[in-house]
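Coordinates from start-v1.txt are shown below (compact mmCIF, C-alpha atoms).
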# COMPACT_ATOMS: atom_id res chain seq x y z
CA MET A 590 114.35 148.14 210.84
CA VAL A 591 113.65 146.45 214.16
CA LYS A 592 111.83 143.22 213.53
CA SER A 593 108.13 143.39 213.42
CA PRO A 594 105.18 144.04 215.66
CA LEU A 595 106.25 140.69 217.09
CA TYR A 596 109.72 141.89 218.02
CA ASP A 597 110.61 140.55 221.48
CA GLY A 598 113.72 142.53 222.45
CA THR A 599 116.28 139.92 221.36
CA LEU A 600 118.73 139.72 218.47
CA SER A 601 120.55 136.97 216.63
CA SER A 602 124.31 136.48 216.81
CA THR A 603 124.63 137.90 213.29
CA GLU A 604 122.64 140.96 214.31
CA PHE A 605 124.82 141.26 217.42
CA SER A 606 127.93 141.31 215.21
CA ILE A 607 126.42 144.08 213.07
CA ALA A 608 125.33 146.05 216.13
CA ALA A 609 128.75 145.59 217.77
CA SER A 610 130.55 146.95 214.72
CA PHE A 611 128.24 149.96 214.55
CA PHE A 612 128.54 150.62 218.30
CA ALA A 613 132.36 150.46 218.31
CA GLU A 614 132.63 152.67 215.23
CA LYS A 615 130.35 155.35 216.69
CA TRP A 616 131.95 155.21 220.16
CA ASN A 617 135.48 155.49 218.79
CA GLN A 618 134.53 158.22 216.34
CA LEU A 619 132.85 160.39 218.97
CA ASN A 620 135.38 159.65 221.74
CA PRO A 621 138.80 160.01 220.07
CA SER A 622 140.47 160.84 223.38
CA MET A 623 139.10 157.76 225.13
CA LEU A 624 140.16 154.13 225.00
CA PRO A 625 138.48 152.35 222.06
CA TRP A 626 136.10 149.42 221.96
CA THR A 627 137.60 146.67 219.81
CA TRP A 628 136.31 143.38 218.44
CA VAL A 629 138.28 140.42 219.79
CA VAL A 630 138.23 137.32 217.61
CA SER A 631 138.45 134.48 220.09
CA SER A 632 140.69 131.47 219.60
CA GLN A 633 138.73 129.79 222.40
CA LYS A 634 135.79 128.05 220.75
CA LEU A 635 132.47 127.76 222.49
CA PRO A 636 131.15 124.31 223.40
CA ALA A 637 129.75 122.50 220.35
CA ILE A 638 126.15 122.63 221.59
CA ILE A 639 126.44 126.44 221.76
CA SER A 640 128.75 126.94 218.80
CA ASN A 641 126.19 125.28 216.50
CA GLN A 642 123.77 128.08 217.40
CA VAL A 643 126.25 130.85 216.55
CA GLU A 644 125.77 132.20 213.06
CA ASN A 645 128.97 134.28 212.94
CA LYS A 646 132.01 132.76 211.27
CA GLU A 647 134.30 134.70 213.63
CA GLU A 648 133.32 134.17 217.23
CA GLY A 649 134.30 136.94 219.60
CA TYR A 650 133.24 139.90 221.70
CA LEU A 651 133.65 143.66 222.15
CA SER A 652 136.39 144.70 224.55
CA LEU A 653 137.29 147.89 226.42
CA GLU A 654 140.53 147.25 228.33
CA ASP A 655 142.38 149.08 231.12
CA PHE A 656 139.71 151.70 231.66
CA CYS A 657 140.85 153.78 234.65
CA ILE A 658 138.29 155.07 237.11
CA SER A 659 139.53 157.47 239.76
CA LYS A 660 137.85 158.22 243.05
CA SER A 661 138.52 160.69 245.82
CA ILE A 662 137.86 159.98 249.47
CA GLU A 663 136.70 163.60 249.96
CA LEU A 664 134.30 163.94 247.04
CA ASP A 665 130.88 165.43 247.61
CA GLU A 666 127.82 163.41 246.66
CA GLY A 667 127.33 163.09 242.91
CA GLU A 668 130.96 163.96 242.06
CA VAL A 669 132.43 160.46 241.98
CA ASN A 670 133.92 159.68 238.55
CA GLY A 671 132.22 162.68 236.95
CA SER A 672 128.73 161.29 237.66
CA CYS A 673 127.36 158.86 235.09
CA CYS A 674 123.83 160.27 235.23
CA ASN A 675 124.44 163.97 234.66
CA HIS A 676 125.20 164.46 230.97
CA GLY A 677 125.13 168.24 230.93
CA ASP A 678 126.44 170.27 228.00
CA ASP A 679 128.91 169.03 225.41
CA ASP A 680 131.89 170.59 227.18
CA GLU A 681 130.89 168.74 230.32
CA LEU A 682 130.95 165.31 228.70
CA ILE A 683 134.02 164.11 230.56
CA ASP A 684 134.64 160.38 230.52
CA ASP A 685 134.64 158.42 233.75
CA ALA A 686 138.41 157.98 233.57
CA THR A 687 139.02 161.70 234.20
CA LEU A 688 140.99 162.34 237.37
CA VAL A 689 139.37 164.62 239.96
CA GLN A 690 141.73 167.36 241.04
CA GLY A 691 142.59 168.50 244.54
CA HIS A 692 142.01 165.37 246.60
CA HIS A 693 143.76 162.13 247.39
CA GLN A 694 143.19 159.79 244.46
CA GLU A 695 142.58 156.07 244.37
CA LEU A 696 142.78 154.48 240.94
CA ASP A 697 140.85 151.36 239.90
CA ILE A 698 141.30 149.67 236.53
CA TYR A 699 138.38 148.00 234.74
CA ASN A 700 138.10 145.65 231.78
CA PHE A 701 134.70 145.52 230.08
CA HIS A 702 133.53 142.90 227.57
CA ILE A 703 130.24 142.82 225.68
CA VAL A 704 129.46 139.18 224.91
CA TYR A 705 126.54 137.66 223.05
CA CYS A 706 124.48 135.26 225.18
CA ASN A 707 123.02 132.45 223.09
CA SER A 708 120.56 131.25 225.72
CA TYR A 709 118.93 134.67 226.26
CA ARG A 710 119.76 136.01 222.75
CA VAL A 711 120.90 139.36 224.13
CA PRO A 712 124.24 141.07 224.83
CA VAL A 713 125.78 140.72 228.29
CA LEU A 714 128.27 143.07 229.95
CA TYR A 715 131.13 141.20 231.63
CA PHE A 716 133.70 143.09 233.69
CA ARG A 717 136.49 142.77 236.21
CA ALA A 718 138.33 145.37 238.26
CA TYR A 719 141.57 145.64 240.14
CA THR A 720 143.69 148.26 241.87
CA SER A 721 146.60 150.04 240.21
CA GLY A 722 148.79 147.56 242.10
CA GLY A 723 147.07 144.61 240.43
CA GLN A 724 144.96 143.44 243.37
CA PRO A 725 141.53 142.17 242.23
CA LEU A 726 138.55 144.02 243.67
CA SER A 727 135.73 142.18 245.37
CA LEU A 728 132.13 142.89 244.40
CA ASP A 729 131.64 144.93 247.58
CA GLU A 730 134.71 147.02 246.76
CA ILE A 731 133.46 147.54 243.20
CA LYS A 732 130.05 148.69 244.42
CA LYS A 733 131.64 151.11 246.91
CA GLY A 734 133.68 152.68 244.11
CA LEU A 735 130.75 153.23 241.75
CA PRO A 736 129.02 156.60 241.35
CA LEU A 737 125.99 157.09 243.59
CA CYS A 738 123.63 156.89 240.62
CA SER A 739 125.07 153.50 239.67
CA SER A 740 124.72 152.15 243.18
CA LYS A 741 121.12 153.33 243.21
CA ILE A 742 120.36 151.55 239.93
CA LEU A 743 121.88 148.30 241.21
CA SER A 744 120.01 148.45 244.50
CA GLU A 745 116.62 149.48 243.15
CA SER A 746 116.30 147.94 239.69
CA LYS A 747 114.61 144.57 239.43
CA TRP A 748 116.20 144.09 236.00
CA THR A 749 119.85 144.76 236.84
CA PHE A 750 121.99 142.76 239.25
CA ILE A 751 125.57 141.51 239.29
CA THR A 752 126.63 137.88 239.40
CA GLN A 753 130.00 136.18 239.07
CA GLU A 754 130.32 133.47 236.43
CA GLU A 755 132.91 131.98 234.13
CA HIS A 756 133.67 134.13 231.11
CA PRO A 757 132.43 132.10 228.09
CA TYR A 758 135.61 132.74 226.09
CA LEU A 759 138.31 133.23 228.74
CA ASN A 760 137.20 130.47 231.12
CA ARG A 761 137.92 132.59 234.19
CA PRO A 762 135.55 134.11 236.77
CA TRP A 763 134.25 137.53 235.72
CA TYR A 764 131.43 139.66 237.04
CA LYS A 765 128.49 140.28 234.76
CA LEU A 766 125.18 142.10 234.68
CA HIS A 767 122.71 139.25 234.55
CA PRO A 768 120.70 139.24 231.30
CA CYS A 769 117.47 137.69 232.61
CA GLY A 770 115.49 140.93 232.26
CA THR A 771 117.26 142.37 229.21
CA ARG A 772 114.76 141.12 226.64
CA ASP A 773 111.83 142.69 228.51
CA TRP A 774 113.32 146.13 229.05
CA MET A 775 114.82 146.25 225.56
CA ASN A 776 111.41 145.38 224.17
CA LEU A 777 109.93 148.31 226.12
CA LEU A 778 112.81 150.61 225.16
CA LEU A 779 112.62 149.90 221.42
CA LEU A 780 108.90 149.35 220.97
CA GLY A 781 107.46 151.75 223.50
CA ASP A 782 103.86 150.60 223.86
CA GLY A 783 104.73 147.17 222.44
CA SER A 784 102.60 147.53 219.33
CA GLN A 785 104.85 149.29 216.81
CA PRO A 786 108.64 149.66 216.45
CA LYS A 787 109.92 153.17 217.12
CA GLN A 788 110.52 154.93 213.84
CA GLY A 789 114.19 155.05 212.83
CA VAL A 790 115.47 152.47 215.32
CA THR A 791 117.59 149.99 213.37
CA MET A 792 119.17 146.78 214.52
CA GLU A 793 122.56 148.47 214.12
CA GLN A 794 121.53 150.81 216.94
CA TYR A 795 120.49 148.03 219.32
CA LEU A 796 123.73 148.10 221.34
CA ILE A 797 123.66 151.88 221.66
CA SER A 798 120.17 151.72 223.18
CA TRP A 799 121.19 148.78 225.37
CA PHE A 800 124.39 150.42 226.60
CA SER A 801 122.60 153.68 227.42
CA VAL A 802 120.92 151.69 230.21
CA VAL A 803 123.53 149.07 231.13
CA GLY A 804 126.48 151.47 231.18
CA GLN A 805 124.90 153.55 233.94
CA ALA A 806 124.96 150.53 236.27
CA VAL A 807 128.77 150.39 236.14
CA GLY A 808 129.60 154.09 235.88
CA LEU A 809 130.03 154.32 232.09
CA ARG A 810 128.28 157.10 230.24
CA ILE A 811 127.42 157.07 226.58
CA PRO A 812 127.96 160.30 224.62
CA LEU A 813 124.78 162.19 223.84
CA GLU A 814 125.76 162.30 220.18
CA MET A 815 125.41 158.51 220.01
CA LEU A 816 121.81 158.80 221.19
CA SER A 817 120.80 161.62 218.88
CA ASP A 818 119.56 159.31 216.10
CA LEU A 819 117.57 156.95 218.33

How does the structure come out when it is put into structure tokens?
Amino acid sequence: MVKSPLYDGTLSSTEFSIAASFFAEKWNQLNPSMLPWTWVVSSQKLPAIISNQVENKEEGYLSLEDFCISKSIELDEGEVNGSCCNHGDDDELIDDATLVQGHHQELDIYNFHIVYCNSYRVPVLYFRAYTSGGQPLSLDEIKKGLPLCSSKILSESKWTFITQEEHPYLNRPWYKLHPCGTRDWMNLLLLGDGSQPKQGVTMEQYLISWFSVVGQAVGLRIPLEMLSDL
């Protein structure tokens, strides 16, 4: 179960590894037609001062590569990329890579990585995007291509904002959703009133709960089936 009445919304690197395995298994099982999340064992070691804090024997991160997001210049409001906020019925659960028919299409390609942050003790979503021709997208271009609900979350939420920093394993600039508020909103999400853990919420399900919030900021929806046990 989630740790305690004293649970503070964080998790250890070992718990992250367990949660990552559970998240990837559930995502891939419930989305067989979509690209899978995979665990990447990194050959790039973290700095010693950080590595000593990591409890996992195999350092790495979750990866979703070459995720295609299409956009139409003539779409009505709320129709971009299938809308990440409107889950609808099961037969309407179309992933954000689905092409919209009948309009001129522009295709952007995203790579998403879920990395454990040792300083904040929470997962962090790193991502980069580029055109089908291989041209990297600027942050402004990324924001313009996101669904309206995602843009609203990024502009209004005090807990979610994008920064550009060096990827801890790849040593190249990537965008990320800054984790400074993650512990607080995960604490609220998992504990409710802050006094007792929600019944049935296990540490394995941490990433599912986390991604149900974080994914909306970048246009990624989580299947309703993954949330049914939370």

| Near range 724-735 of chain A, counting only C-alpha atoms, which residues have an atom at most 9 Å away, once you skip same-chain residues fewer than 6 positions from it, shown as a list in words? | Ile658, Ser659, Lys660, Val669, Asn670, Asp697, Arg717, Ala718, Leu743, Ile751, Thr752, Gln753, Tyr764, Ala806, Val807 and Gly808 of chain A

Using only C-alpha atoms, which residues of range 734-759 of chain A come within 12 Å of range 646-650 of chain A, and what is the closest atom pair for each, with the distance in Å to one decimal? Give it as a Markdown table, sorted by chain and residue number.
| residue | atom | partner | partner_atom | distance |
| --- | --- | --- | --- | --- |
| A:His756 | CA | A:Tyr650 | CA | 11.0 |
| A:Pro757 | CA | A:Gly649 | CA | 10.0 |
| A:Tyr758 | CA | A:Gly649 | CA | 7.8 |
| A:Leu759 | CA | A:Gly649 | CA | 10.6 |

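Pairwise distance (CA of Asn760 in chain A, CA of Tyr709 in chain A) equals 19.4 Å.
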
| remark: Of A:Cys769, A:Leu619, A:Thr603, A:Tyr715, the one sitting nearest Leu653 in chain A when using all atoms listed in the file is A:Tyr715

| Suppose you want the space between CA of Glu745 in chain A and CA of Val803 in chain A; what is it in Å? | 13.9 Å

| request: Tell me which protein, DNA and RNA residues are within 9 Å of Ile703 in chain A, counting only C-alpha atoms, leaving out same-chain ones fewer than 6 positions away, and put them as a VMD selection string. | output: chain A and resid 609 650 to 653 712 to 716

| task | One decimal, Å: what's the distance from CA of Tyr719 in chain A over to CA of Leu809 in chain A, could you say? | result | 16.5 Å

| task | Using only C-alpha atoms, pick whichever of A:Ala613, A:Cys738, A:Leu600, A:Leu779 has the shortest atom-to-atom distance to Cys706 in chain A. | result |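 Under the stated criterion, the closest residue is A:Leu600.
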
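The shortest atom-to-atom distance to Pro621 in chain A, with all atoms listed in the file taken into account, belongs to A:Pro812 out of A:Leu737, A:Glu754, A:Ser817, A:Pro812.
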
| said: Measuring between all atoms listed in the file, which one of A:Leu696, A:Val630, A:Phe701, A:Ser610 shows the shortest distance to Glu654 in chain A? | reply: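 Between A:Leu696, A:Val630, A:Phe701, A:Ser610, the residue approaching Glu654 in chain A most closely is A:Phe701.
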
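Taking all atoms listed in the file into account, Phe611 in chain A lies nearest to A:Gln794 out of the set A:Thr627, A:Gln794, A:Ser801, A:Thr720.
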
Box for range 761-779 of chain A: with edges along x, y and z, all listed atoms inside and 4 Å added on each side, what are the centre and edge lengths in Å to one decimal, as AutoDock Vina command-line options?
--center_x 123.9 --center_y 141.6 --center_z 229.2 --size_x 36.0 --size_y 26.0 --size_z 23.6
